[in-house]
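Printed here is work-v2.cif (mmCIF, C-alpha atoms):
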data_entry
loop_
_atom_site.label_atom_id
_atom_site.label_comp_id
_atom_site.auth_asym_id
_atom_site.auth_seq_id
_atom_site.Cartn_x
_atom_site.Cartn_y
_atom_site.Cartn_z
CA MET A 87 -17.75 91.42 -59.41
CA THR A 88 -16.65 92.09 -55.84
CA GLU A 89 -20.24 92.97 -54.88
CA ILE A 90 -21.44 89.61 -56.24
CA PHE A 91 -18.94 87.66 -54.15
CA LEU A 92 -19.94 89.68 -51.09
CA PHE A 93 -23.56 88.80 -51.80
CA GLN A 94 -22.57 85.12 -51.97
CA ALA A 95 -20.68 85.39 -48.66
CA PHE A 96 -23.70 87.06 -47.04
CA ALA A 97 -25.94 84.24 -48.32
CA ALA A 98 -23.48 81.69 -46.89
CA ALA A 99 -23.71 83.42 -43.51
CA ILE A 100 -27.52 83.16 -43.61
CA GLY A 101 -27.28 79.50 -44.58
CA THR A 102 -24.95 78.92 -41.64
CA VAL A 103 -27.43 80.55 -39.25
CA LEU A 104 -30.22 78.34 -40.61
CA THR A 105 -28.05 75.26 -40.14
CA VAL A 106 -27.22 76.18 -36.54
CA SER A 107 -30.93 76.82 -35.90
CA GLY A 108 -31.75 73.33 -37.14
CA LEU A 109 -29.11 71.77 -34.91
CA TRP A 110 -30.38 73.76 -31.95
CA ARG A 111 -33.85 72.33 -32.50
CA SER A 112 -32.39 68.81 -32.31
CA GLY A 113 -32.02 69.21 -28.61
CA LYS A 114 -31.47 66.87 -25.72
CA GLU A 115 -34.76 65.01 -26.13
CA THR A 116 -35.10 65.12 -29.90
CA PHE A 117 -33.39 63.08 -32.58
CA SER A 118 -33.78 64.37 -36.14
CA LEU A 119 -32.63 62.78 -39.36
CA GLY A 120 -33.17 66.13 -41.03
CA SER A 121 -30.38 67.64 -38.94
CA PHE A 122 -27.90 65.35 -40.72
CA CYS A 123 -29.09 66.75 -44.04
CA LEU A 124 -28.52 70.28 -42.77
CA VAL A 125 -24.98 69.56 -41.57
CA ILE A 126 -23.93 67.82 -44.78
CA THR A 127 -25.58 70.52 -46.89
CA TRP A 128 -23.54 73.11 -45.03
CA TRP A 129 -20.38 71.11 -45.72
CA VAL A 130 -20.90 70.42 -49.44
CA LEU A 131 -22.44 73.76 -50.50
CA ILE A 132 -21.86 76.50 -47.90
CA ALA A 133 -18.41 75.78 -46.47
CA PRO A 134 -16.76 76.21 -49.93
CA VAL A 135 -17.88 79.84 -49.97
CA PHE A 136 -15.83 80.52 -46.83
CA LEU A 137 -12.90 78.63 -48.37
CA ASP A 138 -13.12 80.98 -51.35
CA VAL A 139 -12.80 83.90 -48.96
CA ILE A 140 -9.86 82.39 -47.06
CA PHE A 141 -7.88 80.60 -49.78
CA GLY A 142 -9.38 81.94 -52.98
CA MET A 143 -11.18 80.09 -55.76
CA PRO A 144 -9.53 77.03 -57.32
CA ASP A 145 -7.82 77.56 -60.66
CA TYR A 146 -9.57 74.54 -62.24
CA THR A 147 -6.65 74.18 -64.65
CA TYR A 148 -7.98 71.03 -66.31
CA TRP A 149 -11.67 71.77 -65.80
CA PRO A 150 -12.84 74.56 -68.13
CA GLY A 151 -16.48 73.88 -67.29
CA PHE A 152 -15.88 74.41 -63.56
CA PHE A 153 -13.76 77.48 -64.28
CA GLU A 154 -16.47 79.17 -66.32
CA ALA A 155 -19.25 78.33 -63.88
CA SER A 156 -17.33 79.52 -60.80
CA ARG A 157 -16.72 82.95 -62.34
CA GLU A 158 -20.01 83.64 -64.11
CA PRO A 159 -21.83 86.48 -62.24
CA LEU A 160 -25.33 85.16 -62.94
CA VAL A 161 -24.38 81.67 -61.76
CA ILE A 162 -22.89 83.07 -58.54
CA CYS A 163 -26.09 85.02 -57.82
CA VAL A 164 -28.31 81.99 -58.40
CA TYR A 165 -25.98 79.85 -56.28
CA ALA A 166 -26.16 82.40 -53.46
CA VAL A 167 -29.95 82.19 -53.49
CA ALA A 168 -29.76 78.38 -53.58
CA ILE A 169 -27.60 78.09 -50.44
CA VAL A 170 -30.28 80.00 -48.55
CA ILE A 171 -33.30 78.23 -50.00
CA ILE A 172 -31.97 74.67 -49.56
CA PRO A 173 -31.25 74.94 -45.78
CA LEU A 174 -34.52 76.81 -45.31
CA VAL A 175 -36.56 74.04 -46.99
CA LEU A 176 -34.69 71.39 -44.98
CA LEU A 177 -35.35 73.34 -41.79
CA MET A 178 -39.06 73.66 -42.60
CA GLY A 179 -39.34 69.91 -43.08
CA GLN A 180 -37.29 69.00 -40.02
CA ARG A 181 -40.32 68.56 -37.78
CA TYR A 182 -41.46 65.66 -39.96
CA THR A 183 -38.14 63.82 -39.60
CA GLU A 184 -37.77 63.84 -35.82
CA PHE A 185 -39.19 61.96 -32.85
CA LYS A 186 -39.11 62.49 -29.15
CA ILE A 187 -36.85 60.65 -26.74
CA SER A 188 -38.08 61.07 -23.17
CA GLY A 189 -34.68 60.87 -21.54
CA ARG A 190 -31.85 58.38 -21.93
CA LYS A 191 -33.70 55.72 -19.92
CA GLU A 192 -35.67 54.73 -23.00
CA ILE A 193 -32.45 54.23 -24.96
CA ARG A 194 -31.12 52.07 -22.14
CA THR A 195 -34.40 50.16 -22.18
CA LEU A 196 -33.88 49.58 -25.89
CA THR A 197 -30.41 48.11 -25.44
CA LYS A 198 -31.65 46.01 -22.52
CA ARG A 199 -34.50 44.54 -24.54
CA VAL A 200 -32.23 43.95 -27.51
CA GLY A 201 -29.88 42.11 -25.16
CA GLU A 202 -32.71 39.74 -24.24
CA PHE A 203 -32.44 38.32 -27.75
CA GLY A 204 -28.64 38.34 -27.82
CA LYS A 205 -28.11 34.80 -29.07
CA ASN A 206 -30.45 35.01 -32.05
CA TYR A 207 -29.37 38.54 -32.90
CA GLN A 208 -25.65 37.84 -32.60
CA SER A 209 -25.84 34.74 -34.77
CA ILE A 210 -27.63 36.60 -37.56
CA ALA A 211 -25.27 39.57 -37.33
CA VAL A 212 -22.20 37.33 -37.33
CA ALA A 213 -23.55 35.50 -40.39
CA ILE A 214 -23.89 38.82 -42.18
CA LEU A 215 -20.32 39.74 -41.20
CA ILE A 216 -18.94 36.40 -42.43
CA LEU A 217 -20.76 36.56 -45.78
CA PRO A 218 -18.33 39.04 -47.48
CA LEU A 219 -15.35 37.10 -46.11
CA ALA A 220 -16.75 33.87 -47.52
CA MET A 221 -17.56 35.52 -50.85
CA PHE A 222 -13.99 36.81 -51.11
CA LEU A 223 -12.72 33.21 -51.20
CA PHE A 224 -14.46 32.79 -54.56
CA ALA A 225 -13.13 36.01 -56.12
CA PRO A 226 -12.31 35.42 -59.81
CA ASP A 227 -9.15 37.56 -59.57
CA TYR A 228 -7.45 38.17 -56.21
CA SER A 229 -4.95 40.56 -57.76
CA PHE A 230 -7.79 43.03 -58.37
CA TYR A 231 -7.88 43.70 -54.61
CA ALA A 232 -4.10 44.00 -54.20
CA LYS A 233 -4.41 47.80 -54.34
CA TYR A 234 -6.63 49.84 -52.08
CA ALA A 235 -8.15 52.71 -54.06
CA ILE A 236 -10.82 51.80 -56.58
CA GLN A 237 -9.18 54.24 -59.03
CA SER A 238 -5.96 52.22 -58.85
CA ARG A 239 -7.82 49.02 -59.69
CA ASN A 240 -9.17 50.44 -62.99
CA ILE A 241 -12.35 48.41 -62.71
CA ARG A 242 -13.74 49.42 -66.09
CA SER A 243 -10.92 47.61 -67.85
CA GLN A 244 -11.54 44.38 -65.95
CA ALA A 245 -13.40 41.35 -67.26
CA SER A 246 -17.18 41.33 -66.84
CA ASP A 247 -17.09 38.54 -64.24
CA VAL A 248 -14.69 40.60 -62.09
CA GLN A 249 -16.94 43.67 -62.34
CA TRP A 250 -20.10 41.76 -61.43
CA PHE A 251 -18.43 39.94 -58.55
CA HIS A 252 -17.06 43.20 -57.15
CA ALA A 253 -20.50 44.82 -57.32
CA LEU A 254 -22.02 41.95 -55.30
CA LEU A 255 -19.11 41.84 -52.84
CA GLN A 256 -19.27 45.60 -52.37
CA LEU A 257 -23.00 45.38 -51.59
CA ALA A 258 -22.33 42.59 -49.06
CA CYS A 259 -19.69 44.79 -47.40
CA HIS A 260 -22.13 47.69 -47.08
CA VAL A 261 -24.65 45.38 -45.39
CA GLY A 262 -21.83 44.08 -43.20
CA VAL A 263 -21.06 47.63 -42.07
CA LEU A 264 -24.67 47.97 -40.95
CA ALA A 265 -24.47 44.68 -39.06
CA SER A 266 -21.35 45.95 -37.30
CA ALA A 267 -23.21 49.06 -36.18
CA LEU A 268 -26.09 46.96 -34.85
CA ILE A 269 -23.68 44.84 -32.83
CA LEU A 270 -22.16 47.97 -31.31
CA VAL A 271 -25.64 49.23 -30.38
CA GLN A 272 -26.47 46.16 -28.26
CA SER A 273 -23.01 45.13 -27.04
CA LYS A 274 -22.45 45.25 -23.28
CA ARG A 275 -18.77 46.18 -23.65
CA LEU A 276 -18.46 48.79 -26.36
CA LEU A 277 -14.66 49.02 -26.33
CA VAL A 278 -14.19 45.25 -26.57
CA ALA A 279 -16.74 44.98 -29.37
CA SER A 280 -15.11 47.87 -31.26
CA LEU A 281 -11.65 46.28 -31.08
CA ALA A 282 -13.04 42.91 -32.15
CA LEU A 283 -14.81 44.44 -35.15
CA LEU A 284 -11.90 46.65 -36.20
CA PRO A 285 -10.24 44.06 -38.52
CA VAL A 286 -13.60 43.28 -40.13
CA MET A 287 -14.35 46.96 -40.75
CA PHE A 288 -10.86 47.38 -42.19
CA PHE A 289 -11.63 44.53 -44.60
CA PHE A 290 -14.91 46.18 -45.61
CA ALA A 291 -13.18 49.54 -46.20
CA TRP A 292 -10.43 47.87 -48.27
CA ILE A 293 -12.87 45.98 -50.47
CA ILE A 294 -15.07 49.03 -51.07
CA GLY A 295 -11.93 51.04 -51.89
CA LYS A 296 -13.58 54.45 -51.61
CA ARG A 297 -13.52 57.23 -49.08
CA SER A 298 -17.31 57.04 -49.01
CA GLY A 299 -16.96 53.56 -47.47
CA VAL A 300 -14.76 54.88 -44.67
CA ALA A 301 -17.14 57.81 -44.12
CA GLU A 302 -20.05 55.36 -43.92
CA ILE A 303 -18.25 53.31 -41.27
CA ALA A 304 -17.37 56.43 -39.27
CA ALA A 305 -20.94 57.77 -39.40
CA LEU A 306 -22.50 54.47 -38.30
CA VAL A 307 -19.99 54.02 -35.48
CA PHE A 308 -20.78 57.52 -34.24
CA LEU A 309 -24.52 56.87 -34.37
CA ALA A 310 -24.16 53.47 -32.70
CA VAL A 311 -22.27 55.08 -29.82
CA SER A 312 -24.67 58.02 -29.50
CA VAL A 313 -27.90 55.99 -29.43
CA ARG A 314 -26.62 53.82 -26.58
CA GLY A 315 -27.20 56.75 -24.22
CA LYS A 316 -24.02 56.13 -22.24
CA ILE A 317 -21.98 59.12 -23.37
CA SER A 318 -22.42 62.78 -22.49
CA ARG A 319 -22.93 65.60 -24.96
CA ALA A 320 -19.37 66.72 -24.40
CA GLY A 321 -18.23 63.19 -25.09
CA LEU A 322 -20.23 63.10 -28.31
CA VAL A 323 -18.69 66.40 -29.42
CA GLY A 324 -15.23 65.04 -28.63
CA LEU A 325 -15.99 61.81 -30.48
CA ALA A 326 -17.23 63.72 -33.53
CA ALA A 327 -14.12 65.91 -33.49
CA GLY A 328 -11.88 62.86 -33.17
CA ILE A 329 -13.61 61.07 -36.04
CA ALA A 330 -13.38 64.22 -38.20
CA LEU A 331 -9.66 64.53 -37.44
CA LEU A 332 -8.95 60.89 -38.23
CA PHE A 333 -10.96 61.09 -41.43
CA GLY A 334 -9.04 64.20 -42.45
CA LEU A 335 -5.71 62.45 -41.88
CA TYR A 336 -6.94 59.41 -43.76
CA SER A 337 -8.09 61.58 -46.67
CA ALA A 338 -4.70 63.29 -46.83
CA TRP A 339 -3.05 59.86 -47.01
CA TYR A 340 -5.57 58.72 -49.62
CA GLN A 341 -4.82 61.69 -51.84
CA ALA A 342 -1.04 61.28 -51.53
CA ALA A 343 -0.58 57.51 -51.50
CA ALA A 344 -3.55 56.19 -53.46
CA ARG A 345 -3.85 58.98 -56.03
CA GLY A 346 -0.40 60.57 -56.03
CA ILE A 347 -1.75 64.01 -55.14
CA SER A 348 0.05 65.99 -52.46
CA VAL A 349 1.45 69.47 -52.03
CA GLU A 350 4.98 68.15 -52.58
CA THR A 351 4.15 66.29 -55.80
CA VAL A 352 1.71 68.61 -57.60
CA GLY A 353 1.99 71.94 -55.76
CA TRP A 354 -0.50 73.83 -53.64
CA SER A 355 -2.75 75.02 -56.49
CA GLU A 356 -3.50 71.58 -57.91
CA PHE A 357 -3.71 70.00 -54.46
CA TYR A 358 -6.24 72.61 -53.33
CA GLU A 359 -8.19 72.11 -56.53
CA GLY A 360 -8.32 68.34 -55.91
CA VAL A 361 -9.52 68.82 -52.33
CA ARG A 362 -12.30 71.14 -53.45
CA ILE A 363 -13.51 68.74 -56.14
CA ASP A 364 -13.32 65.63 -53.95
CA PHE A 365 -14.74 66.85 -50.66
CA PHE A 366 -17.27 69.49 -51.70
CA ARG A 367 -20.00 69.80 -54.32
CA ASP A 368 -20.15 73.53 -55.06
CA ASP A 369 -18.34 72.99 -58.38
CA THR A 370 -20.90 70.52 -59.76
CA MET A 371 -23.79 72.63 -58.42
CA LYS A 372 -22.50 75.78 -60.13
CA LEU A 373 -21.85 73.80 -63.30
CA ALA A 374 -25.44 72.50 -63.30
CA ILE A 375 -26.77 76.03 -62.76
CA CYS A 376 -24.51 77.38 -65.49
CA ARG A 377 -25.75 74.86 -68.05
CA VAL A 378 -29.34 75.83 -67.19
CA VAL A 379 -29.12 79.64 -67.19
CA LYS A 380 -26.70 79.97 -70.12
CA THR A 381 -28.50 79.02 -73.31
CA ASP A 382 -25.33 79.11 -75.40
CA CYS A 383 -23.93 76.07 -73.50
CA SER A 384 -25.00 72.49 -74.11
CA PRO A 385 -26.97 71.07 -71.14
CA ILE A 386 -25.56 68.27 -69.00
CA LEU A 387 -28.54 66.02 -69.77
CA ASP A 388 -30.37 65.78 -73.07
CA PHE A 389 -33.95 66.03 -71.86
CA PHE A 390 -36.15 66.79 -68.85
CA GLY A 391 -35.92 64.12 -66.12
CA GLU A 392 -33.40 62.00 -68.02
CA SER A 393 -31.92 60.54 -64.81
CA ALA A 394 -35.05 58.41 -64.36
CA TRP A 395 -34.40 56.87 -67.79
CA ILE A 396 -30.70 56.34 -66.98
CA TYR A 397 -31.48 54.51 -63.73
CA SER A 398 -34.12 52.32 -65.37
CA THR A 399 -31.52 51.03 -67.86
CA LEU A 400 -28.88 50.14 -65.26
CA PRO A 401 -29.61 46.36 -65.21
CA ILE A 402 -28.91 46.10 -68.96
CA PRO A 403 -25.21 45.36 -69.67
CA ARG A 404 -23.53 47.85 -71.98
CA SER A 405 -22.04 44.94 -73.91
CA SER A 406 -25.52 44.04 -75.15
CA TRP A 407 -26.59 47.67 -75.64
CA PRO A 408 -23.64 49.83 -76.74
CA GLU A 409 -25.87 52.91 -77.08
CA LYS A 410 -27.09 52.63 -73.52
CA PRO A 411 -27.35 56.09 -71.85
CA ILE A 412 -24.26 57.05 -69.91
CA SER A 413 -24.52 57.78 -66.19
CA TYR A 414 -25.14 61.23 -64.80
CA GLY A 415 -21.69 61.31 -63.18
CA MET A 416 -20.06 60.65 -66.55
CA SER A 417 -22.19 63.36 -68.16
CA VAL A 418 -21.00 65.86 -65.55
CA ALA A 419 -17.40 64.79 -66.19
CA CYS A 420 -17.85 65.55 -69.89
CA ALA A 421 -19.35 68.95 -69.11
CA ALA A 422 -16.58 69.77 -66.63
CA ARG A 423 -13.91 68.88 -69.22
CA ASP A 424 -15.91 70.64 -71.95
CA TYR A 425 -16.16 67.39 -73.94
CA PRO A 426 -19.12 66.28 -76.02
CA ARG A 427 -21.25 63.88 -74.04
CA GLN A 428 -19.60 60.48 -74.45
CA GLN A 429 -18.62 57.25 -72.69
CA LEU A 430 -15.53 57.73 -70.50
CA SER A 431 -13.47 55.38 -68.34
CA TRP A 432 -14.22 57.51 -65.26
CA SER A 433 -16.97 59.71 -63.85
CA MET A 434 -17.40 62.71 -61.58
CA THR A 435 -18.68 62.53 -58.00
CA THR A 436 -21.90 64.52 -57.82
CA SER A 437 -24.76 65.19 -55.41
CA VAL A 438 -28.53 65.17 -55.46
CA PHE A 439 -28.57 68.98 -55.46
CA ASP A 440 -26.90 69.44 -58.84
CA GLU A 441 -28.60 66.40 -60.34
CA VAL A 442 -32.11 67.71 -59.74
CA VAL A 443 -31.08 71.08 -61.21
CA SER A 444 -29.74 69.31 -64.30
CA ASN A 445 -33.02 67.39 -64.59
CA PHE A 446 -35.61 70.01 -63.66
CA GLY A 447 -33.92 73.37 -64.10
CA LEU A 448 -33.88 75.99 -61.35
CA SER A 449 -36.97 74.41 -59.77
CA GLY A 450 -34.55 71.68 -58.69
CA ILE A 451 -33.27 74.06 -56.01
CA PHE A 452 -36.57 73.35 -54.22
CA ILE A 453 -37.03 69.76 -55.38
CA GLY A 454 -33.67 68.57 -53.98
CA PRO A 455 -34.25 69.43 -50.30
CA ILE A 456 -37.90 68.38 -50.53
CA MET A 457 -36.77 64.96 -51.75
CA LEU A 458 -34.25 64.68 -48.90
CA ASN A 459 -36.98 65.58 -46.40
CA PHE A 460 -39.16 62.85 -47.88
CA LEU A 461 -36.40 60.24 -47.59
CA ALA A 462 -35.64 61.30 -44.01
CA TRP A 463 -39.36 61.11 -43.17
CA ARG A 464 -39.60 57.55 -44.55
CA GLY A 465 -36.86 56.45 -42.19
CA ALA A 466 -37.97 58.46 -39.15
CA ARG A 467 -41.62 57.36 -39.31
CA THR A 468 -40.65 53.75 -38.53
CA LYS A 469 -39.27 54.81 -35.11
CA ASN A 470 -36.75 51.97 -35.53
CA LEU A 471 -33.10 52.68 -34.77
CA GLU A 472 -31.78 50.15 -37.26
CA LEU A 473 -33.73 51.68 -40.14
CA CYS A 474 -32.71 55.15 -38.98
CA LEU A 475 -29.08 54.08 -39.27
CA VAL A 476 -29.67 52.84 -42.81
CA THR A 477 -31.54 56.05 -43.65
CA VAL A 478 -28.57 58.13 -42.55
CA VAL A 479 -26.37 56.15 -44.94
CA VAL A 480 -28.86 56.73 -47.77
CA LEU A 481 -29.02 60.47 -47.08
CA VAL A 482 -25.23 60.79 -46.96
CA LEU A 483 -24.81 58.88 -50.21
CA PHE A 484 -27.46 60.99 -51.97
CA MET A 485 -25.53 64.15 -51.09
CA PHE A 486 -22.11 62.77 -52.11
CA GLN A 487 -22.75 60.35 -55.00
CA HIS A 488 -25.06 59.86 -57.95
CA LEU A 489 -27.51 56.99 -57.55
CA SER A 490 -25.93 54.77 -60.22
CA ALA A 491 -22.98 54.08 -57.93
CA TRP A 492 -25.08 52.60 -55.11
CA MET A 493 -28.49 51.66 -56.54
CA PRO A 494 -28.65 48.22 -54.77
CA ILE A 495 -28.34 49.88 -51.35
CA PHE A 496 -31.14 52.29 -52.17
CA LEU A 497 -33.45 49.52 -53.38
CA VAL A 498 -32.86 47.45 -50.24
CA TRP A 499 -33.56 50.50 -48.05
CA TRP A 500 -36.72 51.34 -50.02
CA VAL A 501 -38.11 47.84 -49.58
CA MET A 502 -37.25 47.86 -45.87
CA THR A 503 -38.97 51.19 -45.21
CA SER A 504 -41.97 50.20 -47.35
CA THR A 505 -42.64 46.92 -45.56
CA TYR A 506 -41.88 48.09 -42.03
CA PRO A 507 -45.11 49.24 -40.27
CA LYS A 508 -45.41 52.78 -39.03
CA ILE A 509 -45.06 52.79 -35.26
CA GLY A 510 -46.56 55.52 -33.12
CA SER A 511 -47.61 58.99 -34.16
CA ARG A 512 -45.55 61.33 -36.32
CA ARG A 513 -44.28 63.27 -33.34
CA GLY A 514 -45.00 60.77 -30.61
CA LYS A 515 -42.65 59.26 -28.09
CA PHE A 516 -39.86 57.06 -29.22
CA THR A 517 -40.80 53.46 -28.42
CA PRO A 518 -37.88 51.06 -28.04
CA GLN A 519 -38.07 48.41 -30.72
CA ALA A 520 -36.54 44.97 -31.02
CA PRO A 521 -34.25 44.33 -34.00
CA MET A 522 -36.19 43.81 -37.18
CA LEU A 523 -34.14 40.71 -38.02
CA LEU A 524 -35.50 38.68 -35.08
CA PRO A 525 -38.27 36.13 -35.57
CA SER A 526 -41.64 37.45 -34.40
CA THR A 527 -42.27 34.36 -32.28
CA SER A 528 -39.50 35.42 -29.88
CA VAL A 529 -40.73 38.96 -29.28
CA PRO A 530 -43.00 40.02 -26.41
CA LYS A 531 -46.37 41.47 -27.38
CA SER A 532 -45.34 44.89 -26.04
CA ILE A 533 -42.68 45.22 -28.71
CA SER A 534 -43.58 45.67 -32.37
CA THR A 535 -41.46 43.83 -34.92
CA TRP A 536 -41.17 43.37 -38.63
#
As a first step, turn the structure in this file into structure tokens.
Amino acid sequence: MTEIFLFQAFAAAIGTVLTVSGLWRSGKETFSLGSFCLVITWWVLIAPVFLDVIFGMPDYTYWPGFFEASREPLVICVYAVAIVIIPLVLLMGQRYTEFKISGRKEIRTLTKRVGEFGKNYQSIAVAILILPLAMFLFAPDYSFYAKYAIQSRNIRSQASDVQWFHALLQLACHVGVLASALILVQSKRLLVASLALLPVMFFFAWIIGKRSGVAEIAALVFLAVSVRGKISRAGLVGLAAGIALLFGLYSAWYQAAARGISVETVGWSEFYEGVRIDFFRDDTMKLAICRVVKTDCSPILDFFGESAWIYSTLPIPRSSWPEKPISYGMSVACAARDYPRQQLSWSMTTSVFDEVVSNFGLSGIFIGPIMLNFLAWRGARTKNLELCLVTVVVLVLFMFQHLSAWMPIFLVWWVMTSTYPKIGSRRGKFTPQAPMLLPSTSVPKSISTW
């Protein structure tokens, strides 16, 4: 057994080298969406292996499915191979998700040209920011938002009008976060704009009520600052470290205050277990592998490619179809608890990596990163910063959540990347583009628009 864990640690070291190689390729004059996939893959799948070495494996006291999968030798071997293959496939596809930036002058040219349309752009962006605030005035139940964490609100027990309104308001908040990032990109005074938008972003984070919402805001703020071209590499590293530190402190508060989980209240073992389940995805990946390679265990999904069927039935209310298929996240929760597959009042956070394995078997180890490369390519081919920002959000959500939780965002992104014309060659120079929201009549001929 010790040899198997050493093999897994060796595979994690190789995966780390591949990740660093991908980041090294995203040099001073290259921006790659694929590099984000590599970094997040390292975090959700490879970093847990090093945590096992330092702190040991979680006990998974209440999760018999996770316990079995994390200690099955065959599963560990397959997982070790997966954490090498996935970064390798992402690295091989990275050249299709990048474009050249010939110095920071082109980024400055972008912000300058965007500034030429400041009045039109600002009015549209402000309208997008105001929309969630205006919608909140018509909330059917204000008490639903009295608590922060979505778990504390117990949304599944709420009336149908509250659930539908929250889904629409949450979508408006996600779009508002994007509008905030666009304002930061073109603002002349970044610090002033950041302070002015801080209350609005706080409102968005409160309404969304999930750590993924805060992570989305942090990622877009970081990208908005970086693409302006007015901060050094050392400054970007410092900014990333600062954001990571603040997010870590916020997450510790979230666990303790919003969920009642802290070292003092539940002890180190259960606290560590909660951190591993919430912030990483090795447990769900090993569980998916376990239910594929072990024939004596019931699979997570009932048939090949079932997720496509689940997503196609999302618009149908369960009240009118009680036998509607349950979501993939709920299916994983049942498998982790060793329950028969059934409707629960909660679901498990998953990732695209374990979902494709549950749908397509071990071939999903290749399908997952190929799919991420395809999504990154769709965003990068537009050579439009705004769509690249949205693409980053889509990639992050795919690796941290199952699609049922954020389907509207994905559909909006898909339509945007489908209708936006391809600009320039696959590996050509980055051409500064005007915001896609501006009317075409106001844009010079030298700048391509929507």
Return as JSON lines the residues of range 221-327 of chain A lying at most 12 Å from range 384-406 of chain A, together with the closest atom-to-atom pair for each and the distance in Å to one decimal, counting all atoms listed in the file, with rows in chain order and ascending residue number.
{"residue": "A:Arg242", "atom": "CA", "partner": "A:Arg404", "partner_atom": "CA", "distance": 11.5}
{"residue": "A:Ala245", "atom": "CA", "partner": "A:Ser405", "partner_atom": "CA", "distance": 11.5}
{"residue": "A:Ser246", "atom": "CA", "partner": "A:Ser405", "partner_atom": "CA", "distance": 9.3}
{"residue": "A:Asp247", "atom": "CA", "partner": "A:Pro403", "partner_atom": "CA", "distance": 11.9}
{"residue": "A:Gln249", "atom": "CA", "partner": "A:Pro403", "partner_atom": "CA", "distance": 11.2}
{"residue": "A:Trp250", "atom": "CA", "partner": "A:Pro403", "partner_atom": "CA", "distance": 10.3}
Item to check | Expected selection from the PyMOL selection byres ((chain A and resi 132) around 8), given as a list of chain:residue names | outcome: A:Ala98, A:Gly101, A:Thr102, A:Thr127, A:Trp128, A:Trp129, A:Val130, A:Leu131, A:Ala133, A:Pro134, A:Val135, A:Phe136, A:Ile169, A:Asp368
Next on the checklist: Using all atoms listed in the file, which protein or nucleic acid residues come within 10 Å of range 149-156 of chain A? Drop anything in the same chain fewer than 3 positions from it, and give the result as an MDAnalysis selection string.
Outcome noted: chainID A and resid 143:146 159:162 165 359 363 368:377 380 383 418:425
Checklist entry - So which one's closest to Leu306 in chain A, A:Leu475, A:Val139, A:Leu448, A:Met416? Using all atoms listed in the file, please. => result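 Result for the nearest residue to Leu306 in chain A: A:Leu475.
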Item to check | All residues 10 Å or closer to Ser504 in chain A, all atoms listed in the file, same chain fewer than 5 positions away omitted, as a list in words | outcome: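 My reading of the contact set: Arg464, Gly465, Thr468, Val498 and Trp499 of chain A.
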Item to check | Nearest residue to Cys259 in chain A from the set A:Val307, A:Leu331, A:Val300, A:Leu176 (distances using all atoms listed in the file) | outcome: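 Using all atoms listed in the file, the shortest distance to Cys259 in chain A belongs to A:Val300.
CA of Phe484 in chain A to CA of Ser437 in chain A spans 6.1 Å [interatomic distance, one decimal].
Once Leu489 in chain A and its same-chain neighbours fewer than 6 positions away are set aside, Ser393, Ile396, Tyr397, Ser413, Tyr414, Gly415, Thr436, Ser437, Val438, Glu441, Val480, Leu483, Ile495 and Phe496 of chain A remain within 10 Å of it when counting all atoms listed in the file.
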When you get a chance, write out N, CA and C atoms for range 438-447 of chain A, as a CSV table (one decimal), in the frame of the given file.
chain,number,residue,atom,x,y,z
A,438,VAL,N,-27.1,65.1,-55.1
A,438,VAL,CA,-28.5,65.2,-55.5
A,438,VAL,C,-28.9,66.6,-55.8
A,439,PHE,N,-28.2,67.6,-55.2
A,439,PHE,CA,-28.6,69.0,-55.5
A,439,PHE,C,-28.3,69.4,-56.9
A,440,ASP,N,-27.2,69.1,-57.4
A,440,ASP,CA,-26.9,69.4,-58.8
A,440,ASP,C,-27.6,68.5,-59.8
A,441,GLU,N,-27.9,67.3,-59.4
A,441,GLU,CA,-28.6,66.4,-60.3
A,441,GLU,C,-30.0,66.8,-60.6
A,442,VAL,N,-30.7,67.3,-59.5
A,442,VAL,CA,-32.1,67.7,-59.7
A,442,VAL,C,-32.1,69.0,-60.5
A,443,VAL,N,-31.1,69.9,-60.4
A,443,VAL,CA,-31.1,71.1,-61.2
A,443,VAL,C,-30.9,70.7,-62.7
A,444,SER,N,-30.0,69.7,-62.9
A,444,SER,CA,-29.7,69.3,-64.3
A,444,SER,C,-31.0,68.7,-64.9
A,445,ASN,N,-31.8,68.1,-64.1
A,445,ASN,CA,-33.0,67.4,-64.6
A,445,ASN,C,-34.2,68.3,-64.7
A,446,PHE,N,-34.4,69.2,-63.7
A,446,PHE,CA,-35.6,70.0,-63.7
A,446,PHE,C,-35.4,71.5,-63.7
A,447,GLY,N,-34.2,71.9,-64.0
A,447,GLY,CA,-33.9,73.4,-64.1
A,447,GLY,C,-33.8,74.0,-62.7
